[in-house]
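The next block is coords_16.cif, given as mmCIF, C-alpha atoms and all ligand atoms.
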data_final
#
loop_
_atom_site.label_atom_id
_atom_site.label_comp_id
_atom_site.auth_asym_id
_atom_site.auth_seq_id
_atom_site.Cartn_x
_atom_site.Cartn_y
_atom_site.Cartn_z
CA MET A 188 0.00 0.00 0.00
CA LYS A 189 1.17 3.54 -0.75
CA PRO A 190 1.80 5.42 2.53
CA ILE A 191 -1.27 7.45 3.49
CA GLN A 192 -0.95 11.23 3.75
CA MET A 193 -3.55 13.87 4.67
CA VAL A 194 -3.09 15.19 1.10
CA ASP A 195 -1.01 13.76 -1.76
CA LEU A 196 0.31 16.72 -3.74
CA VAL A 197 3.10 14.81 -5.47
CA GLY A 198 0.73 12.12 -6.73
CA GLN A 199 -1.53 14.83 -8.11
CA TYR A 200 1.41 16.63 -9.78
CA GLU A 201 2.65 13.48 -11.50
CA LYS A 202 -0.60 13.18 -13.45
CA ILE A 203 -0.28 16.67 -14.93
CA LYS A 204 3.52 16.95 -14.91
CA PRO A 205 4.02 17.68 -18.64
CA GLU A 206 1.50 20.56 -18.61
CA VAL A 207 2.87 22.06 -15.40
CA ASP A 208 6.54 21.74 -16.35
CA ALA A 209 5.99 23.31 -19.76
CA ALA A 210 3.99 26.19 -18.27
CA LEU A 211 6.66 26.89 -15.66
CA ALA A 212 9.47 26.76 -18.23
CA GLU A 213 7.58 29.22 -20.40
CA VAL A 214 7.26 31.74 -17.57
CA ILE A 215 10.94 31.42 -16.72
CA GLN A 216 11.89 31.96 -20.38
CA SER A 217 9.63 35.01 -20.60
CA ALA A 218 11.01 36.50 -17.35
CA ALA A 219 7.58 38.13 -16.85
CA PHE A 220 7.41 37.04 -13.23
CA ILE A 221 5.19 39.82 -11.92
CA ASN A 222 1.91 40.87 -13.58
CA GLY A 223 2.78 38.73 -16.59
CA PRO A 224 0.28 37.49 -19.18
CA GLN A 225 -0.23 34.23 -17.23
CA VAL A 226 -1.82 36.15 -14.37
CA LYS A 227 -4.29 37.99 -16.61
CA ALA A 228 -5.15 34.76 -18.45
CA PHE A 229 -5.71 32.87 -15.20
CA GLU A 230 -7.92 35.63 -13.81
CA GLN A 231 -10.06 35.46 -16.96
CA GLU A 232 -10.25 31.67 -16.98
CA LEU A 233 -11.22 31.51 -13.32
CA ALA A 234 -13.82 34.26 -13.83
CA ALA A 235 -15.35 32.23 -16.69
CA TYR A 236 -15.38 29.08 -14.54
CA LEU A 237 -17.00 30.89 -11.61
CA LYS A 238 -19.34 32.91 -13.84
CA VAL A 239 -18.28 36.06 -12.01
CA LYS A 240 -17.39 39.39 -13.59
CA HIS A 241 -14.03 40.03 -11.92
CA VAL A 242 -11.28 37.86 -10.46
CA ILE A 243 -8.31 39.67 -8.95
CA GLY A 244 -5.27 37.60 -7.97
CA CYS A 245 -3.35 38.42 -4.81
CA GLY A 246 -0.64 37.08 -2.54
CA ASN A 247 -2.63 34.63 -0.40
CA GLY A 248 -6.06 34.03 1.13
CA THR A 249 -5.31 36.06 4.24
CA ASP A 250 -4.37 39.07 2.12
CA ALA A 251 -7.54 38.56 0.10
CA LEU A 252 -9.62 38.88 3.28
CA GLN A 253 -7.71 41.98 4.37
CA VAL A 254 -7.95 43.60 0.94
CA ALA A 255 -11.70 42.89 0.87
CA MET A 256 -12.21 44.77 4.15
CA MET A 257 -10.05 47.66 2.93
CA ALA A 258 -11.81 47.88 -0.44
CA LEU A 259 -15.17 48.02 1.33
CA GLY A 260 -13.89 51.02 3.29
CA LEU A 261 -14.51 49.51 6.72
CA LYS A 262 -13.25 51.73 9.54
CA PRO A 263 -11.77 50.98 12.98
CA GLY A 264 -14.56 50.14 15.42
CA ASP A 265 -16.84 48.69 12.74
CA GLU A 266 -18.17 45.29 13.74
CA VAL A 267 -17.92 42.26 11.48
CA ILE A 268 -19.84 39.09 12.29
CA THR A 269 -18.06 35.85 11.52
CA ALA A 270 -17.45 32.35 12.81
CA SER A 271 -15.15 31.49 15.67
CA PHE A 272 -15.00 27.94 14.32
CA THR A 273 -12.64 28.77 11.43
CA PHE A 274 -9.01 29.12 10.49
CA VAL A 275 -7.63 32.14 12.35
CA ALA A 276 -6.94 34.22 9.22
CA THR A 277 -10.58 35.25 8.99
CA VAL A 278 -10.38 36.91 12.39
CA GLU A 279 -6.77 38.06 12.28
CA VAL A 280 -7.28 40.52 9.43
CA LEU A 281 -10.22 42.12 11.24
CA ALA A 282 -8.09 42.68 14.33
CA LEU A 283 -5.20 44.06 12.25
CA LEU A 284 -7.49 46.67 10.70
CA GLY A 285 -8.98 47.69 14.05
CA LEU A 286 -12.32 46.16 13.12
CA VAL A 287 -14.20 44.29 15.82
CA PRO A 288 -14.76 40.59 15.21
CA VAL A 289 -18.14 39.53 16.58
CA PHE A 290 -18.46 35.78 16.76
CA ALA A 291 -21.61 33.86 15.93
CA ASP A 292 -22.14 30.18 16.61
CA VAL A 293 -22.29 27.50 13.93
CA LEU A 294 -24.66 24.64 13.18
CA PRO A 295 -23.50 21.29 14.54
CA GLY A 296 -24.19 19.33 11.33
CA THR A 297 -22.65 21.53 8.65
CA PHE A 298 -20.13 23.44 10.82
CA ASN A 299 -21.27 26.65 9.10
CA LEU A 300 -22.68 29.89 10.56
CA ASP A 301 -26.07 29.62 12.25
CA PRO A 302 -28.25 32.34 10.63
CA ALA A 303 -30.34 32.76 13.79
CA ASP A 304 -27.23 33.53 15.85
CA VAL A 305 -25.86 35.86 13.16
CA ALA A 306 -29.13 37.85 13.26
CA ARG A 307 -28.92 38.01 17.08
CA LYS A 308 -25.39 39.46 16.90
CA VAL A 309 -26.29 42.42 14.66
CA THR A 310 -25.86 45.83 16.37
CA PRO A 311 -25.95 49.43 15.05
CA ARG A 312 -22.16 49.16 14.54
CA THR A 313 -22.31 46.01 12.41
CA LYS A 314 -21.00 46.62 8.89
CA ALA A 315 -20.38 43.18 7.41
CA ILE A 316 -20.88 39.44 7.68
CA VAL A 317 -18.13 36.99 6.72
CA PRO A 318 -19.60 33.53 6.20
CA VAL A 319 -16.85 30.91 6.03
CA HIS A 320 -17.78 27.99 3.77
CA LEU A 321 -16.00 25.53 6.00
CA PHE A 322 -14.57 22.21 4.80
CA GLY A 323 -15.95 22.69 1.28
CA GLN A 324 -19.66 23.29 1.73
CA ASN A 325 -21.48 26.60 1.38
CA ALA A 326 -23.04 28.27 4.39
CA ASP A 327 -26.74 29.14 4.20
CA MET A 328 -26.18 32.04 1.82
CA ASP A 329 -29.85 32.80 1.24
CA ALA A 330 -30.20 33.46 4.96
CA MET A 331 -26.93 35.44 5.13
CA LEU A 332 -27.93 37.63 2.17
CA ALA A 333 -31.39 38.19 3.65
CA ILE A 334 -29.88 39.35 6.97
CA ALA A 335 -27.44 41.59 5.08
CA ARG A 336 -30.28 43.15 3.06
CA GLU A 337 -32.40 43.73 6.14
CA TYR A 338 -29.64 45.57 8.03
CA GLY A 339 -27.70 47.04 5.08
CA LEU A 340 -24.54 44.97 5.62
CA HIS A 341 -21.75 43.88 3.29
CA VAL A 342 -21.12 40.17 2.77
CA VAL A 343 -17.59 38.84 2.20
CA GLU A 344 -17.56 35.11 1.57
CA ASP A 345 -14.52 33.22 2.80
CA ALA A 346 -14.39 30.58 0.06
CA CYS A 347 -10.82 29.48 0.84
CA GLN A 348 -12.03 25.90 1.39
CA SER A 349 -15.00 25.79 -0.97
CA ILE A 350 -13.83 26.82 -4.43
CA GLY A 351 -15.89 25.07 -7.09
CA SER A 352 -18.86 24.19 -4.92
CA ASP A 353 -22.33 25.23 -6.08
CA HIS A 354 -25.10 26.88 -4.11
CA SER A 355 -28.68 26.53 -5.33
CA GLY A 356 -30.97 29.37 -4.41
CA PRO A 357 -33.60 31.71 -5.85
CA ASN A 358 -31.05 32.95 -8.40
CA GLY A 359 -30.25 29.46 -9.63
CA ARG A 360 -26.94 27.70 -9.16
CA ARG A 361 -24.07 29.97 -8.23
CA LYS A 362 -20.46 29.22 -7.43
CA SER A 363 -19.14 29.59 -3.92
CA GLY A 364 -17.69 33.05 -3.40
CA THR A 365 -19.78 34.78 -6.09
CA MET A 366 -22.91 35.52 -4.06
CA GLY A 367 -21.77 38.20 -1.62
CA ASP A 368 -20.26 41.61 -2.42
CA ILE A 369 -16.81 39.99 -2.48
CA GLY A 370 -15.63 36.38 -2.30
CA VAL A 371 -12.09 35.38 -1.42
CA THR A 372 -10.10 32.23 -1.88
CA SER A 373 -6.67 30.80 -1.18
CA PHE A 374 -4.40 28.80 -3.47
CA PHE A 375 -2.29 27.46 -0.58
CA PRO A 376 -0.85 24.16 -1.88
CA SER A 377 -3.21 21.89 0.06
CA LYS A 378 -6.37 23.82 -0.83
CA ASN A 379 -8.70 22.32 -3.44
CA LEU A 380 -7.14 24.51 -6.14
CA GLY A 381 -3.61 24.81 -4.82
CA CYS A 382 -0.55 26.37 -6.39
CA TYR A 383 3.09 25.62 -5.54
CA GLY A 384 3.57 28.37 -3.00
CA ASP A 385 1.28 31.13 -1.75
CA GLY A 386 -1.53 32.61 -3.78
CA GLY A 387 -5.04 33.96 -3.42
CA ALA A 388 -7.82 35.79 -5.23
CA LEU A 389 -10.87 37.97 -4.77
CA PHE A 390 -14.09 37.72 -6.80
CA THR A 391 -16.76 40.34 -7.36
CA ASN A 392 -19.51 41.26 -9.80
CA ASP A 393 -19.24 44.96 -8.86
CA ASP A 394 -17.08 47.06 -11.23
CA ASP A 395 -16.38 49.77 -8.66
CA LEU A 396 -15.35 47.24 -6.00
CA ALA A 397 -13.13 45.47 -8.55
CA MET A 398 -11.32 48.75 -9.23
CA LYS A 399 -10.92 49.37 -5.49
CA ILE A 400 -9.62 45.84 -4.88
CA ARG A 401 -7.01 46.16 -7.66
CA ARG A 402 -6.00 49.55 -6.29
CA VAL A 403 -5.55 48.29 -2.71
CA CYS A 404 -3.51 45.30 -3.95
CA ASN A 405 -1.25 47.66 -5.88
CA HIS A 406 -0.13 50.12 -3.15
CA GLY A 407 -3.38 52.09 -3.39
CA SER A 408 -2.38 53.16 -6.88
CA ARG A 409 -3.98 53.08 -10.32
CA GLN A 410 -1.36 55.16 -12.06
CA ARG A 411 2.22 54.34 -11.15
CA TYR A 412 3.63 56.53 -8.35
CA TYR A 413 0.25 58.21 -7.70
CA HIS A 414 -1.29 56.82 -4.52
CA GLU A 415 -4.97 57.55 -3.96
CA VAL A 416 -5.55 55.38 -0.88
CA VAL A 417 -3.47 53.36 1.57
CA GLY A 418 -2.82 49.98 -0.01
CA VAL A 419 -0.67 46.89 0.28
CA ASN A 420 1.58 44.92 -2.04
CA SER A 421 -0.25 41.69 -2.71
CA ARG A 422 0.15 39.90 -6.02
CA LEU A 423 -0.33 36.49 -7.51
CA ASP A 424 2.94 35.81 -9.31
CA SER A 425 3.21 34.45 -12.85
CA LEU A 426 4.75 31.09 -11.86
CA GLN A 427 1.82 30.40 -9.54
CA ALA A 428 -0.67 31.56 -12.15
CA ALA A 429 0.89 29.15 -14.66
CA VAL A 430 0.46 26.23 -12.22
CA LEU A 431 -3.12 27.28 -11.53
CA ARG A 432 -3.93 27.49 -15.25
CA ALA A 433 -2.74 23.91 -15.63
CA LYS A 434 -4.85 22.75 -12.67
CA LEU A 435 -8.08 24.70 -13.14
CA PRO A 436 -9.38 22.45 -15.98
CA HIS A 437 -9.11 19.53 -13.52
CA LEU A 438 -10.89 21.20 -10.60
CA ASP A 439 -14.28 19.53 -11.16
CA GLU A 440 -12.64 16.13 -11.64
CA TYR A 441 -10.72 16.72 -8.39
CA ALA A 442 -14.01 17.46 -6.62
CA ARG A 443 -15.47 14.21 -8.00
CA ALA A 444 -12.48 12.25 -6.67
CA ARG A 445 -12.93 13.84 -3.25
CA ASN A 446 -16.65 13.07 -3.28
CA ALA A 447 -15.95 9.45 -4.23
CA ALA A 448 -13.64 9.10 -1.20
CA ALA A 449 -16.25 10.80 1.01
CA ALA A 450 -18.91 8.35 -0.21
CA VAL A 451 -16.71 5.42 0.84
CA TYR A 452 -16.22 6.99 4.27
CA ASP A 453 -19.95 7.72 4.66
CA GLU A 454 -20.94 4.18 3.80
CA ALA A 455 -18.38 2.68 6.18
CA PHE A 456 -19.21 4.94 9.15
CA LYS A 457 -22.90 5.73 8.89
CA ASP A 458 -24.02 3.10 11.39
CA ILE A 459 -21.26 3.49 13.98
CA ARG A 460 -22.67 4.75 17.26
CA GLY A 461 -20.82 7.72 18.69
CA LEU A 462 -19.54 8.76 15.27
CA ALA A 463 -21.32 11.37 13.12
CA ILE A 464 -20.56 11.66 9.42
CA PRO A 465 -20.55 15.18 7.95
CA ALA A 466 -24.04 16.53 7.26
CA ARG A 467 -24.90 17.75 3.77
CA TRP A 468 -26.66 21.08 3.35
CA GLN A 469 -29.33 20.54 0.70
CA GLN A 470 -28.66 23.85 -1.04
CA SER A 471 -24.96 23.20 -1.57
CA THR A 472 -22.73 20.71 -3.27
CA HIS A 473 -19.71 19.67 -1.22
CA VAL A 474 -16.13 19.74 -2.48
CA PHE A 475 -14.68 18.07 0.64
CA HIS A 476 -11.70 20.23 1.38
CA GLN A 477 -11.91 18.17 4.56
CA TYR A 478 -13.90 15.10 5.50
CA THR A 479 -14.67 15.80 9.13
CA LEU A 480 -16.23 13.40 11.61
CA ARG A 481 -17.65 14.19 15.01
CA VAL A 482 -16.54 11.75 17.70
CA ALA A 483 -18.75 11.75 20.78
CA GLY A 484 -17.99 10.73 24.35
CA GLY A 485 -14.55 12.29 24.68
CA LYS A 486 -12.99 9.63 22.44
CA ARG A 487 -11.69 11.90 19.67
CA ASP A 488 -8.08 12.05 20.81
CA ALA A 489 -7.97 8.30 21.46
CA LEU A 490 -9.30 7.62 17.94
CA LYS A 491 -6.67 9.97 16.49
CA LYS A 492 -3.93 8.07 18.34
CA HIS A 493 -5.34 4.73 17.24
CA LEU A 494 -5.36 5.88 13.59
CA GLU A 495 -1.83 7.26 13.76
CA GLY A 496 -0.64 4.01 15.30
CA HIS A 497 -1.91 2.24 12.17
CA GLY A 498 -0.36 4.60 9.63
CA VAL A 499 -3.44 6.79 9.18
CA PRO A 500 -2.84 10.51 9.73
CA ALA A 501 -5.78 12.49 11.11
CA MET A 502 -6.05 16.16 12.01
CA VAL A 503 -8.13 18.34 14.30
CA TYR A 504 -9.49 21.38 12.45
CA TYR A 505 -9.68 23.31 14.78
CA PRO A 506 -8.81 22.42 18.37
CA VAL A 507 -9.24 25.92 19.86
CA PRO A 508 -11.92 28.24 18.48
CA CYS A 509 -10.88 31.83 17.77
CA HIS A 510 -12.86 33.32 20.68
CA LEU A 511 -10.80 31.23 23.13
CA GLN A 512 -7.39 31.99 21.55
CA ASP A 513 -5.08 34.16 23.67
CA ALA A 514 -4.83 36.70 20.85
CA TYR A 515 -8.60 37.14 20.44
CA LYS A 516 -10.36 36.26 23.67
CA GLY A 517 -12.26 38.97 25.45
CA PRO A 518 -15.15 39.76 27.75
CA ARG A 519 -17.61 40.13 24.91
CA CYS A 520 -17.44 36.46 23.96
CA PRO A 521 -16.38 34.49 27.05
CA GLU A 522 -15.98 30.74 27.31
CA GLY A 523 -19.42 29.13 27.22
CA SER A 524 -20.95 31.73 24.92
CA LEU A 525 -20.66 29.68 21.72
CA PRO A 526 -21.75 26.22 22.89
CA VAL A 527 -21.83 24.48 19.51
CA THR A 528 -18.44 25.84 18.45
CA GLU A 529 -16.91 24.82 21.77
CA GLN A 530 -18.39 21.33 21.60
CA LEU A 531 -17.22 20.83 18.00
CA SER A 532 -13.65 21.80 18.93
CA GLY A 533 -13.60 18.81 21.25
CA GLU A 534 -15.25 16.39 18.81
CA VAL A 535 -14.03 17.01 15.25
CA LEU A 536 -11.54 14.81 13.46
CA SER A 537 -10.61 15.13 9.79
CA LEU A 538 -9.52 12.05 7.86
CA PRO A 539 -7.10 11.94 4.92
CA MET A 540 -8.75 13.56 1.92
CA SER A 541 -7.16 14.10 -1.45
CA THR A 542 -7.67 13.48 -5.13
CA GLU A 543 -5.30 10.52 -5.03
CA LEU A 544 -6.70 8.13 -2.38
CA ASP A 545 -6.98 4.61 -3.82
CA ASP A 546 -9.26 1.73 -2.83
CA GLU A 547 -6.57 0.01 -0.84
CA GLN A 548 -5.83 3.11 1.21
CA LEU A 549 -9.54 3.84 1.77
CA GLY A 550 -10.07 0.22 2.81
CA HIS A 551 -7.28 0.50 5.36
CA ILE A 552 -8.53 3.81 6.73
CA THR A 553 -12.14 2.64 7.13
CA ALA A 554 -11.10 -0.68 8.66
CA THR A 555 -8.87 1.13 11.15
CA VAL A 556 -11.67 3.47 12.22
CA LYS A 557 -14.07 0.54 12.58
CA SER A 558 -11.59 -1.49 14.62
CA PHE A 559 -11.45 1.33 17.19
CA PHE A 560 -15.22 1.19 17.77
CA HIS A 561 -15.59 -2.58 17.72
CA ASN A 562 -12.95 -3.27 20.34
C1 LIG A 601 -6.53 28.74 4.15
C2 LIG A 601 -7.54 29.64 4.71
C3 LIG A 601 -7.34 31.03 4.79
C4 LIG A 601 -6.03 31.69 4.50
O1 LIG A 601 -5.44 31.42 3.30
P1 LIG A 601 -3.86 31.60 3.12
O2 LIG A 601 -3.68 31.53 1.63
O3 LIG A 601 -3.18 30.50 3.84
O4 LIG A 601 -3.49 32.94 3.66
C5 LIG A 601 -8.39 31.81 5.24
N1 LIG A 601 -9.56 31.28 5.60
C6 LIG A 601 -9.78 29.95 5.56
C7 LIG A 601 -11.11 29.41 5.98
C8 LIG A 601 -8.78 29.09 5.12
O5 LIG A 601 -9.01 27.77 5.10
#

Kindly present the structure from the file in structure tokens form.
Amino acid sequence: MKPIQMVDLVGQYEKIKPEVDAALAEVIQSAAFINGPQVKAFEQELAAYLKVKHVIGCGNGTDALQVAMMALGLKPGDEVITASFTFVATVEVLALLGLVPVFADVLPGTFNLDPADVARKVTPRTKAIVPVHLFGQNADMDAMLAIAREYGLHVVEDACQSIGSDHSGPNGRRKSGTMGDIGVTSFFPSKNLGCYGDGGALFTNDDDLAMKIRRVCNHGSRQRYYHEVVGVNSRLDSLQAAVLRAKLPHLDEYARARNAAAAVYDEAFKDIRGLAIPARWQQSTHVFHQYTLRVAGGKRDALKKHLEGHGVPAMVYYPVPCHLQDAYKGPRCPEGSLPVTEQLSGEVLSLPMSTELDDEQLGHITATVKSFFHN
């Protein structure tokens, strides 16, 4: 059996090696490393895939979140409602800009923001909602957009884990990250559309926001050496864009491979007591950035050890929610105030998930999980 990894990036590369190698060699020959034609072409191809008007590449997913807040003109003291059960980047950029992260709880089945709690957290200072489409499945965007309309809020979708997934709503099927004012994603190597270093992008259908996003990414400048607003330097480089152009045509096939692995897991685990398979939200397809189980009865860490002892890596995303992190804890959201988030942090366990898992590996993983519960 091939050794099992959380993700198998080399195996994935080997299948598209000729395309990737040729694309990289071409960029190196052209020496157009920054703002080269590969970047423009990738932005256009991704926009066509997402059916969104503008895609703007940037340095990474964290920058994309920060640039989104800056382009929207949010000011220190403005409140932004988001999940505590997320990767820290979502919250970090708010704090860096002097914005106030206000945490809402999530739903225990889908791990995504609970619309009822989001609505409860709205105050006169609230300016935006950041739904995080965690693990590859869209949050309840119809509810988020309805709350935003009611209170006049911006919506920035954190689609770092959900690129390619579809949401079905009153406006038909729309791609993750294209429903709010701005969507952001990350091309970190292990993400569903990963490059070979850091990369990220923002999506919007709004021409004025697109201009502002490009301007922030480029030192607040539209004309070289004339700076209209405070900006940052955040770019997707041409080598990464070339890798992404080679991988984008495979993104849907990658999602199918992930779903096939998830189906094997579901079937193997659905009847195990004390183990909950990930719930599907009926309005979203799932692209399984992670396949995340809930392990009841305080047995999560023991299961993780058992798996690792049998050559099966497993990870906890995320062991400490943002509102309990030293950097972000505060009186406004004390321990106990987000009961679902806090419970999930003690129960979740993500299994290996990649485009390259074969039957033998899946058989070993499922048998190892089952052996823990049948002892
Ligand atoms: C990966 C990730 C980010 C940050 O992306 P980077 O490219 O690593 O900066 C932000 N939010 C979520 C939910 C992520 O998974």

Review point. What's the 9 Å shell around region 222-228 of chain A, counting all atoms listed in the file, without same-chain residues fewer than 6 positions away, as a PyMOL selection string?
Key: chain A and resi 214+243-244+422-429+432

Practice item. For region 467-473 of chain A, please output as a PyMOL selection string all residues within 9 Å (counting only C-alpha atoms; exclusion window: fewer than 5 positions along the same chain). Key: chain A and resi 296-297+322-327+349+351-356+363+442+446

Review point. Pick the closest to Gly461 (chain A) from A:Arg445, A:Asp345, A:Ala276, A:Glu534: which is it, counting all atoms listed in the file?
Key: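 Among the listed residues, A:Glu534 lies closest to Gly461 (chain A).
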
Check your understanding: From the set A:Gly418, A:Pro508, A:Pro205, A:Pro302, which residue has the shortest atom-to-atom contact distance to Leu531 (chain A), counting all atoms listed in the file?
Key ->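 Smallest distance to Leu531 (chain A) is found for A:Pro508.
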
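With all atoms listed in the file as the atoms that count, the residue of A:Leu438, A:Val403, A:Ala209, A:Val527 with the shortest distance to Leu294 (chain A) is A:Val527.
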
Practice item. Between A:Pro500, A:Pro295, A:Gly387, A:Gly198, single out the one closest to Ile464 (chain A), counting all atoms listed in the file. Key: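 So, comparing all the options, the nearest one is A:Pro295.
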
Would you mind completing region 470-487 of chain A to N, CA, C and O atoms and writing the output as an mmCIF file, in the coordinates of the input?
data_model
loop_
_atom_site.group_PDB
_atom_site.id
_atom_site.type_symbol
_atom_site.label_atom_id
_atom_site.label_comp_id
_atom_site.auth_asym_id
_atom_site.auth_seq_id
_atom_site.Cartn_x
_atom_site.Cartn_y
_atom_site.Cartn_z
ATOM 1 N N GLN A 470 -28.816 22.828 -0.011
ATOM 2 C CA GLN A 470 -28.660 23.850 -1.040
ATOM 3 C C GLN A 470 -27.245 23.958 -1.590
ATOM 4 O O GLN A 470 -26.959 24.842 -2.393
ATOM 5 N N SER A 471 -26.356 23.078 -1.130
ATOM 6 C CA SER A 471 -24.960 23.200 -1.570
ATOM 7 C C SER A 471 -24.413 21.857 -2.018
ATOM 8 O O SER A 471 -24.756 20.821 -1.446
ATOM 9 N N THR A 472 -23.549 21.894 -3.028
ATOM 10 C CA THR A 472 -22.730 20.710 -3.270
ATOM 11 C C THR A 472 -21.530 20.814 -2.316
ATOM 12 O O THR A 472 -21.269 21.864 -1.729
ATOM 13 N N HIS A 473 -20.835 19.717 -2.139
ATOM 14 C CA HIS A 473 -19.710 19.670 -1.220
ATOM 15 C C HIS A 473 -18.450 19.349 -2.025
ATOM 16 O O HIS A 473 -18.499 18.488 -2.894
ATOM 17 N N VAL A 474 -17.377 20.070 -1.770
ATOM 18 C CA VAL A 474 -16.130 19.740 -2.480
ATOM 19 C C VAL A 474 -15.084 19.138 -1.532
ATOM 20 O O VAL A 474 -13.930 18.952 -1.917
ATOM 21 N N PHE A 475 -15.510 18.822 -0.308
ATOM 22 C CA PHE A 475 -14.680 18.070 0.640
ATOM 23 C C PHE A 475 -13.243 18.538 0.696
ATOM 24 O O PHE A 475 -12.322 17.759 0.493
ATOM 25 N N HIS A 476 -13.063 19.814 1.017
ATOM 26 C CA HIS A 476 -11.700 20.230 1.380
ATOM 27 C C HIS A 476 -11.237 19.363 2.554
ATOM 28 O O HIS A 476 -10.096 18.920 2.591
ATOM 29 N N GLN A 477 -12.164 19.129 3.477
ATOM 30 C CA GLN A 477 -11.910 18.170 4.560
ATOM 31 C C GLN A 477 -13.108 17.249 4.693
ATOM 32 O O GLN A 477 -14.243 17.670 4.462
ATOM 33 N N TYR A 478 -12.832 16.009 5.095
ATOM 34 C CA TYR A 478 -13.900 15.100 5.500
ATOM 35 C C TYR A 478 -13.804 15.008 7.017
ATOM 36 O O TYR A 478 -12.846 14.455 7.560
ATOM 37 N N THR A 479 -14.790 15.593 7.690
ATOM 38 C CA THR A 479 -14.670 15.800 9.130
ATOM 39 C C THR A 479 -15.764 15.068 9.899
ATOM 40 O O THR A 479 -16.958 15.317 9.699
ATOM 41 N N LEU A 480 -15.322 14.170 10.754
ATOM 42 C CA LEU A 480 -16.230 13.400 11.610
ATOM 43 C C LEU A 480 -16.413 14.115 12.936
ATOM 44 O O LEU A 480 -15.559 14.908 13.348
ATOM 45 N N ARG A 481 -17.510 13.789 13.618
ATOM 46 C CA ARG A 481 -17.650 14.190 15.010
ATOM 47 C C ARG A 481 -17.617 12.917 15.861
ATOM 48 O O ARG A 481 -18.376 11.980 15.609
ATOM 49 N N VAL A 482 -16.728 12.924 16.843
ATOM 50 C CA VAL A 482 -16.540 11.750 17.700
ATOM 51 C C VAL A 482 -17.071 12.104 19.086
ATOM 52 O O VAL A 482 -16.527 12.985 19.749
ATOM 53 N N ALA A 483 -18.119 11.432 19.498
ATOM 54 C CA ALA A 483 -18.750 11.750 20.780
ATOM 55 C C ALA A 483 -18.035 11.049 21.937
ATOM 56 O O ALA A 483 -17.170 10.197 21.732
ATOM 57 N N GLY A 484 -18.421 11.441 23.142
ATOM 58 C CA GLY A 484 -17.990 10.730 24.350
ATOM 59 C C GLY A 484 -16.538 10.916 24.721
ATOM 60 O O GLY A 484 -15.951 10.070 25.400
ATOM 61 N N GLY A 485 -15.931 12.008 24.289
ATOM 62 C CA GLY A 485 -14.550 12.290 24.680
ATOM 63 C C GLY A 485 -13.524 11.330 24.091
ATOM 64 O O GLY A 485 -12.407 11.214 24.601
ATOM 65 N N LYS A 486 -13.908 10.647 22.996
ATOM 66 C CA LYS A 486 -12.990 9.630 22.440
ATOM 67 C C LYS A 486 -12.178 10.120 21.248
ATOM 68 O O LYS A 486 -11.435 9.355 20.648
ATOM 69 N N ARG A 487 -12.344 11.396 20.893
ATOM 70 C CA ARG A 487 -11.690 11.900 19.670
ATOM 71 C C ARG A 487 -10.174 11.697 19.694
ATOM 72 O O ARG A 487 -9.597 11.158 18.739
#
